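Q: Here's a structure for you.
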Amino acid sequence: MKLVRILAPLLSLTLLTACRSQPEAHSVQFFAMDTVMTVSAWGGGGQEAAEQARDVVDRLDALLSVTDETSELYAANHSGGRPVSLSPETAQVLEQALDLCRDSRGALDITLYPVVKAWGFTTDSCTVPDDAALIELLERVDWTRVSLEEDVLTLPAGMELDLGAVAKGFAADRAAESLRAAGVSSALLDLGGNIQAVGSRPDGSPWRVAVQDPDGGWLGVLEVADQAVVTSGGYQRYFEDDGERYWHILDPATGRPARSGLTSATAVGPGGAVCDGLSTTLFVLGLEESVDLWRQQGDFEFLLLTEEGELYLSSGLADAFTPEAAWEGRVTVVEP
Ligand code: AMP
Ligand code: MG
């Protein structure tokens, strides 16, 4: 009998707060996109703004959920190849998601859902699909065959979209926009480990975000303001079978868990959706190709942990990251 186990996603990033005395936050905690989320806003009107930000996330969840039978994404996935009209918001998200796939060197593919389902990652019962099944399912995976003309989506019959790799990032962007529009200049969103900072802490100092060590504890602390910090890792959701570990981030080339030599990939930058797409992308690409992508794009920063236990940091984070004592001496700063 095989042991099949799936762990609930763990928080990979944690906010370190309350080192110094700060005015109290207005916080809203809620469950959306299959995870616990917290929005905290400081200053006058903070409570109402935090609640509005929650509503923004809830609305996106209702549009983009792959399992909710009333979502727009569900309707698209069951359209049988017929064109469907999307709301402007869903169309916008999809357009940006396709751009992220385009920039990912084949690492990110939002049409992987048939394969994700075959592994059982959407349910509690995971299983290893056989090679023949994977080869057949991969014929239905190819984001370049998704047509989006204005707000009209046409998805070839048999193909299905899954925005799991980017949805929380989109939600963080929209929620941060809503907070700023409400006049909030200091807020923090923790959408199931996707961290997004609006401004800096109320006293003007940077937010401190701890990056999780997949083996327990922390790799170190990142200081950020007005940035998103997003981590992808095989340790966040996986099952074991015959002594082998299988995780939820798949390589679109093989339909199998991506084994690129990284155990964790963190992307840092101004955009939540971009960083969410990137964290998954970097995890699939591995160290060398991620560094190459960074040198080419130059619009994000990274923190990558290899299976050998070496930490690689892009130079833009050199001053912002303080490793835990155990990691000192195992950090390499990568220059452009
Ligand atoms: P993340 O935790 O942001 O790295 O996203 C992982 C989730 O995205 C998985 O649970 C799948 O639903 C989906 N997924 C897995 N691999 C990929 C991939 N290569 N491209 C796009 N989505 C993926
Ligand atoms: Mg992601």
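How things are named: the first chain in the structure tokens is A, the next is B, and so on; residues count from 1 in each chain; ligands count from 1 in the order shown.
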Please, which residues have at least one atom within 7 Å of an atom of ligand 1, using only C-alpha atoms and all ligand atoms, listed as a PyMOL selection string?

A: chain A and resi 107-110+112-113+116+121+162-166+232-233+248-252+276-277+279-281+284

Q: Determine, counting only C-alpha atoms, which protein, DNA and RNA residues have an atom within 10 Å of an atom of Pro206 in chain A; residues of the same chain fewer than 5 positions away are not included. Present the result as a PDB file with C-alpha atoms, in the first residue's frame.

A:
ATOM      1  CA  ALA A 197       3.988  45.893   0.867  1.00  0.00           C
ATOM      2  CA  GLY A 199       4.728  51.916   1.302  1.00  0.00           C
ATOM      3  CA  SER A 200       6.846  51.277   4.372  1.00  0.00           C
ATOM      4  CA  ARG A 201       6.043  50.761   8.021  1.00  0.00           C
ATOM      5  CA  LEU A 222      14.430  40.769   3.640  1.00  0.00           C
ATOM      6  CA  GLU A 223      13.789  44.466   4.184  1.00  0.00           C
ATOM      7  CA  VAL A 224      11.387  45.888   1.622  1.00  0.00           C
ATOM      8  CA  ALA A 225       9.113  48.842   0.895  1.00  0.00           C
ATOM      9  CA  ASP A 226       6.509  49.023  -1.895  1.00  0.00           C
ATOM     10  CA  ALA A 320      18.268  44.242   1.894  1.00  0.00           C
TER      11      ALA A 320
END

Q: Would you work out the distance separating CA of Glu288 in chain A from CA of Ser260 in chain A, expressed in Å to one decimal?

A: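 So the answer is 9.7 Å.
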
Q: Determine, counting only C-alpha atoms, which protein, DNA and RNA residues have an atom within 8 Å of an atom of Val268 in chain A; residues of the same chain fewer than 2 positions away are not included. Present the result as a list in words.

A: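 Result of the neighbour search: Gln227, Ala228, Val229, Val230, Thr266, Pro270, Cys275, Phe300, Glu301 and Phe302 of chain A.
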
Q: Mind listing the helix (DSSP H, G or I) residues of range 6-105 of chain A, per DSSP on the backbone, as a PDB file with N, CA and C atoms, in the first residue's frame?

A:
ATOM      1  N   GLY A  46      -8.152  53.088   7.808  1.00  0.00           N
ATOM      2  CA  GLY A  46      -7.461  51.821   7.528  1.00  0.00           C
ATOM      3  C   GLY A  46      -8.382  50.615   7.565  1.00  0.00           C
ATOM      4  N   GLN A  47      -9.312  50.613   8.531  1.00  0.00           N
ATOM      5  CA  GLN A  47     -10.195  49.450   8.672  1.00  0.00           C
ATOM      6  C   GLN A  47     -11.058  49.264   7.428  1.00  0.00           C
ATOM      7  N   GLU A  48     -11.670  50.371   7.019  1.00  0.00           N
ATOM      8  CA  GLU A  48     -12.544  50.297   5.846  1.00  0.00           C
ATOM      9  C   GLU A  48     -11.733  49.917   4.601  1.00  0.00           C
ATOM     10  N   ALA A  49     -10.537  50.496   4.491  1.00  0.00           N
ATOM     11  CA  ALA A  49      -9.697  50.207   3.323  1.00  0.00           C
ATOM     12  C   ALA A  49      -9.280  48.742   3.304  1.00  0.00           C
ATOM     13  N   ALA A  50      -8.968  48.198   4.469  1.00  0.00           N
ATOM     14  CA  ALA A  50      -8.569  46.783   4.533  1.00  0.00           C
ATOM     15  C   ALA A  50      -9.739  45.887   4.132  1.00  0.00           C
ATOM     16  N   GLU A  51     -10.949  46.279   4.569  1.00  0.00           N
ATOM     17  CA  GLU A  51     -12.120  45.475   4.208  1.00  0.00           C
ATOM     18  C   GLU A  51     -12.404  45.552   2.703  1.00  0.00           C
ATOM     19  N   GLN A  52     -12.189  46.739   2.143  1.00  0.00           N
ATOM     20  CA  GLN A  52     -12.369  46.872   0.685  1.00  0.00           C
ATOM     21  C   GLN A  52     -11.355  46.006  -0.062  1.00  0.00           C
ATOM     22  N   ALA A  53     -10.127  45.998   0.448  1.00  0.00           N
ATOM     23  CA  ALA A  53      -9.077  45.187  -0.198  1.00  0.00           C
ATOM     24  C   ALA A  53      -9.464  43.709  -0.148  1.00  0.00           C
ATOM     25  N   ARG A  54     -10.017  43.288   0.984  1.00  0.00           N
ATOM     26  CA  ARG A  54     -10.493  41.897   1.092  1.00  0.00           C
ATOM     27  C   ARG A  54     -11.570  41.615   0.042  1.00  0.00           C
ATOM     28  N   ASP A  55     -12.486  42.578  -0.135  1.00  0.00           N
ATOM     29  CA  ASP A  55     -13.561  42.384  -1.119  1.00  0.00           C
ATOM     30  C   ASP A  55     -12.990  42.241  -2.530  1.00  0.00           C
ATOM     31  N   VAL A  56     -11.933  42.997  -2.804  1.00  0.00           N
ATOM     32  CA  VAL A  56     -11.285  42.907  -4.116  1.00  0.00           C
ATOM     33  C   VAL A  56     -10.754  41.493  -4.342  1.00  0.00           C
ATOM     34  N   VAL A  57     -10.102  40.947  -3.308  1.00  0.00           N
ATOM     35  CA  VAL A  57      -9.539  39.588  -3.414  1.00  0.00           C
ATOM     36  C   VAL A  57     -10.669  38.566  -3.562  1.00  0.00           C
ATOM     37  N   ASP A  58     -11.722  38.734  -2.767  1.00  0.00           N
ATOM     38  CA  ASP A  58     -12.854  37.798  -2.837  1.00  0.00           C
ATOM     39  C   ASP A  58     -13.481  37.792  -4.235  1.00  0.00           C
ATOM     40  N   ARG A  59     -13.595  39.008  -4.802  1.00  0.00           N
ATOM     41  CA  ARG A  59     -14.214  39.087  -6.129  1.00  0.00           C
ATOM     42  C   ARG A  59     -13.355  38.364  -7.169  1.00  0.00           C
ATOM     43  N   LEU A  60     -12.031  38.589  -7.104  1.00  0.00           N
ATOM     44  CA  LEU A  60     -11.145  37.905  -8.053  1.00  0.00           C
ATOM     45  C   LEU A  60     -11.196  36.392  -7.863  1.00  0.00           C
ATOM     46  N   ASP A  61     -11.263  35.976  -6.608  1.00  0.00           N
ATOM     47  CA  ASP A  61     -11.354  34.539  -6.313  1.00  0.00           C
ATOM     48  C   ASP A  61     -12.603  33.958  -6.981  1.00  0.00           C
ATOM     49  N   ALA A  62     -13.706  34.685  -6.869  1.00  0.00           N
ATOM     50  CA  ALA A  62     -14.964  34.201  -7.453  1.00  0.00           C
ATOM     51  C   ALA A  62     -14.878  34.122  -8.981  1.00  0.00           C
ATOM     52  N   LEU A  63     -14.083  35.002  -9.580  1.00  0.00           N
ATOM     53  CA  LEU A  63     -13.939  34.986 -11.043  1.00  0.00           C
ATOM     54  C   LEU A  63     -12.972  33.908 -11.516  1.00  0.00           C
ATOM     55  N   LEU A  64     -11.899  33.700 -10.725  1.00  0.00           N
ATOM     56  CA  LEU A  64     -10.757  32.929 -11.240  1.00  0.00           C
ATOM     57  C   LEU A  64     -10.618  31.528 -10.660  1.00  0.00           C
ATOM     58  N   GLU A  72     -15.888  32.405 -13.735  1.00  0.00           N
ATOM     59  CA  GLU A  72     -15.704  32.614 -15.178  1.00  0.00           C
ATOM     60  C   GLU A  72     -14.684  31.634 -15.732  1.00  0.00           C
ATOM     61  N   LEU A  73     -13.684  31.325 -14.916  1.00  0.00           N
ATOM     62  CA  LEU A  73     -12.656  30.392 -15.377  1.00  0.00           C
ATOM     63  C   LEU A  73     -13.254  28.998 -15.588  1.00  0.00           C
ATOM     64  N   TYR A  74     -14.146  28.614 -14.677  1.00  0.00           N
ATOM     65  CA  TYR A  74     -14.796  27.302 -14.798  1.00  0.00           C
ATOM     66  C   TYR A  74     -15.609  27.249 -16.093  1.00  0.00           C
ATOM     67  N   ALA A  75     -16.327  28.336 -16.363  1.00  0.00           N
ATOM     68  CA  ALA A  75     -17.131  28.383 -17.598  1.00  0.00           C
ATOM     69  C   ALA A  75     -16.219  28.268 -18.816  1.00  0.00           C
ATOM     70  N   ALA A  76     -15.090  28.962 -18.767  1.00  0.00           N
ATOM     71  CA  ALA A  76     -14.149  28.900 -19.899  1.00  0.00           C
ATOM     72  C   ALA A  76     -13.621  27.472 -20.067  1.00  0.00           C
ATOM     73  N   ASN A  77     -13.312  26.827 -18.931  1.00  0.00           N
ATOM     74  CA  ASN A  77     -12.757  25.471 -18.992  1.00  0.00           C
ATOM     75  C   ASN A  77     -13.776  24.434 -19.454  1.00  0.00           C
ATOM     76  N   PRO A  88     -14.229  42.300 -18.201  1.00  0.00           N
ATOM     77  CA  PRO A  88     -12.971  43.009 -18.482  1.00  0.00           C
ATOM     78  C   PRO A  88     -11.873  42.635 -17.485  1.00  0.00           C
ATOM     79  N   GLU A  89     -12.250  42.418 -16.232  1.00  0.00           N
ATOM     80  CA  GLU A  89     -11.256  42.112 -15.204  1.00  0.00           C
ATOM     81  C   GLU A  89     -10.577  40.759 -15.460  1.00  0.00           C
ATOM     82  N   THR A  90     -11.386  39.743 -15.756  1.00  0.00           N
ATOM     83  CA  THR A  90     -10.820  38.416 -16.028  1.00  0.00           C
ATOM     84  C   THR A  90      -9.969  38.467 -17.302  1.00  0.00           C
ATOM     85  N   ALA A  91     -10.454  39.204 -18.290  1.00  0.00           N
ATOM     86  CA  ALA A  91      -9.695  39.306 -19.545  1.00  0.00           C
ATOM     87  C   ALA A  91      -8.328  39.937 -19.289  1.00  0.00           C
ATOM     88  N   GLN A  92      -8.333  40.963 -18.451  1.00  0.00           N
ATOM     89  CA  GLN A  92      -7.072  41.651 -18.128  1.00  0.00           C
ATOM     90  C   GLN A  92      -6.078  40.711 -17.428  1.00  0.00           C
ATOM     91  N   VAL A  93      -6.607  39.961 -16.472  1.00  0.00           N
ATOM     92  CA  VAL A  93      -5.762  39.010 -15.738  1.00  0.00           C
ATOM     93  C   VAL A  93      -5.184  37.981 -16.708  1.00  0.00           C
ATOM     94  N   LEU A  94      -6.037  37.481 -17.568  1.00  0.00           N
ATOM     95  CA  LEU A  94      -5.609  36.443 -18.504  1.00  0.00           C
ATOM     96  C   LEU A  94      -4.554  36.975 -19.472  1.00  0.00           C
ATOM     97  N   GLU A  95      -4.759  38.206 -19.903  1.00  0.00           N
ATOM     98  CA  GLU A  95      -3.794  38.801 -20.830  1.00  0.00           C
ATOM     99  C   GLU A  95      -2.415  38.902 -20.168  1.00  0.00           C
ATOM    100  N   GLN A  96      -2.417  39.345 -18.920  1.00  0.00           N
ATOM    101  CA  GLN A  96      -1.132  39.466 -18.224  1.00  0.00           C
ATOM    102  C   GLN A  96      -0.529  38.085 -17.944  1.00  0.00           C
ATOM    103  N   ALA A  97      -1.391  37.119 -17.630  1.00  0.00           N
ATOM    104  CA  ALA A  97      -0.893  35.755 -17.372  1.00  0.00           C
ATOM    105  C   ALA A  97      -0.239  35.184 -18.625  1.00  0.00           C
ATOM    106  N   LEU A  98      -0.833  35.452 -19.780  1.00  0.00           N
ATOM    107  CA  LEU A  98      -0.241  34.955 -21.036  1.00  0.00           C
ATOM    108  C   LEU A  98       1.103  35.637 -21.294  1.00  0.00           C
ATOM    109  N   ASP A  99       1.197  36.926 -20.945  1.00  0.00           N
ATOM    110  CA  ASP A  99       2.488  37.632 -21.079  1.00  0.00           C
ATOM    111  C   ASP A  99       3.551  36.978 -20.198  1.00  0.00           C
ATOM    112  N   LEU A 100       3.142  36.584 -18.986  1.00  0.00           N
ATOM    113  CA  LEU A 100       4.110  35.957 -18.063  1.00  0.00           C
ATOM    114  C   LEU A 100       4.570  34.607 -18.624  1.00  0.00           C
ATOM    115  N   CYS A 101       3.642  33.874 -19.248  1.00  0.00           N
ATOM    116  CA  CYS A 101       4.027  32.606 -19.890  1.00  0.00           C
ATOM    117  C   CYS A 101       5.033  32.885 -21.017  1.00  0.00           C
ATOM    118  N   ARG A 102       4.746  33.915 -21.799  1.00  0.00           N
ATOM    119  CA  ARG A 102       5.605  34.279 -22.942  1.00  0.00           C
ATOM    120  C   ARG A 102       7.028  34.595 -22.475  1.00  0.00           C
TER     121      ARG A 102
END

Q: Residues at most 9 Å from Val291 in chain A, counting only C-alpha atoms, excluding those fewer than 3 positions away in the same chain, as a PyMOL selection string?

A: chain A and resi 282+286-288+294-296+302+314+334+336

Q: For N, CA, C and O atoms, I'd like the residues from the last selection saved as a JSON list (two decimals), in the first residue's frame.

A:
[["chain", "number", "residue", "atom", "x", "y", "z"],
["A", 282, "LEU", "N", 11.19, 30.70, -11.95],
["A", 282, "LEU", "CA", 12.57, 30.49, -11.50],
["A", 282, "LEU", "C", 12.74, 29.09, -10.92],
["A", 282, "LEU", "O", 13.75, 28.42, -11.16],
["A", 286, "GLY", "N", 15.62, 26.68, -12.70],
["A", 286, "GLY", "CA", 16.87, 26.33, -12.03],
["A", 286, "GLY", "C", 17.83, 27.52, -12.00],
["A", 286, "GLY", "O", 17.57, 28.58, -12.60],
["A", 287, "LEU", "N", 18.93, 27.34, -11.30],
["A", 287, "LEU", "CA", 19.84, 28.44, -11.00],
["A", 287, "LEU", "C", 20.38, 29.16, -12.24],
["A", 287, "LEU", "O", 20.21, 30.37, -12.39],
["A", 288, "GLU", "N", 21.03, 28.40, -13.12],
["A", 288, "GLU", "CA", 21.74, 29.06, -14.22],
["A", 288, "GLU", "C", 20.80, 29.82, -15.13],
["A", 288, "GLU", "O", 21.06, 30.97, -15.49],
["A", 294, "TRP", "N", 17.36, 36.86, -15.32],
["A", 294, "TRP", "CA", 17.50, 38.09, -14.54],
["A", 294, "TRP", "C", 18.43, 39.08, -15.26],
["A", 294, "TRP", "O", 18.13, 40.27, -15.34],
["A", 295, "ARG", "N", 19.52, 38.56, -15.79],
["A", 295, "ARG", "CA", 20.46, 39.44, -16.50],
["A", 295, "ARG", "C", 19.80, 40.03, -17.74],
["A", 295, "ARG", "O", 20.05, 41.17, -18.11],
["A", 296, "GLN", "N", 18.95, 39.24, -18.37],
["A", 296, "GLN", "CA", 18.29, 39.71, -19.59],
["A", 296, "GLN", "C", 17.17, 40.70, -19.25],
["A", 296, "GLN", "O", 17.07, 41.76, -19.84],
["A", 302, "PHE", "N", 16.12, 38.26, -7.06],
["A", 302, "PHE", "CA", 15.83, 36.88, -6.67],
["A", 302, "PHE", "C", 16.65, 36.41, -5.49],
["A", 302, "PHE", "O", 17.70, 36.98, -5.16],
["A", 314, "SER", "N", 20.44, 37.96, -5.93],
["A", 314, "SER", "CA", 20.81, 38.94, -6.96],
["A", 314, "SER", "C", 21.33, 40.19, -6.26],
["A", 314, "SER", "O", 20.92, 40.51, -5.13],
["A", 334, "VAL", "N", 25.03, 37.42, -6.76],
["A", 334, "VAL", "CA", 25.21, 37.34, -8.22],
["A", 334, "VAL", "C", 25.18, 38.74, -8.80],
["A", 334, "VAL", "O", 24.24, 39.51, -8.54],
["A", 336, "PRO", "N", 25.22, 41.53, -12.10],
["A", 336, "PRO", "CA", 24.61, 41.56, -13.44],
["A", 336, "PRO", "C", 25.62, 41.15, -14.53],
["A", 336, "PRO", "O", 26.79, 41.34, -14.36]]

Q: Apply DSSP to the backbone of this structure and, from range 82-317 of chain A, keep only the residues in strand (DSSP E); write these as number ranges by chain.

A: A: 84-85, 147-149, 152-154, 186-191, 194-199, 207-212, 218-224, 228-233, 238-241, 244-247, 250-251, 256-257, 262-269, 301-306, 311-314

Q: When distances are computed from only C-alpha atoms, which of A:Ala210, A:Ala273, A:Ala176, A:Leu86 shows the smallest separation from Ser71 in chain A?

A: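 Distance minimum relative to Ser71 in chain A lands on A:Leu86.
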
Q: Hey, which of A:Val39, A:Ala267, A:Gly272, A:Tyr238 ends up closest to Phe170 in chain A? Count only C-alpha atoms.

A: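 Among the listed residues, A:Gly272 lies closest to Phe170 in chain A.
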
Q: Counting only C-alpha atoms and all ligand atoms, which residue out of A:Leu278, A:Ala133, A:Val333, A:Val84 sits closest to ligand 2?

A: A:Leu278
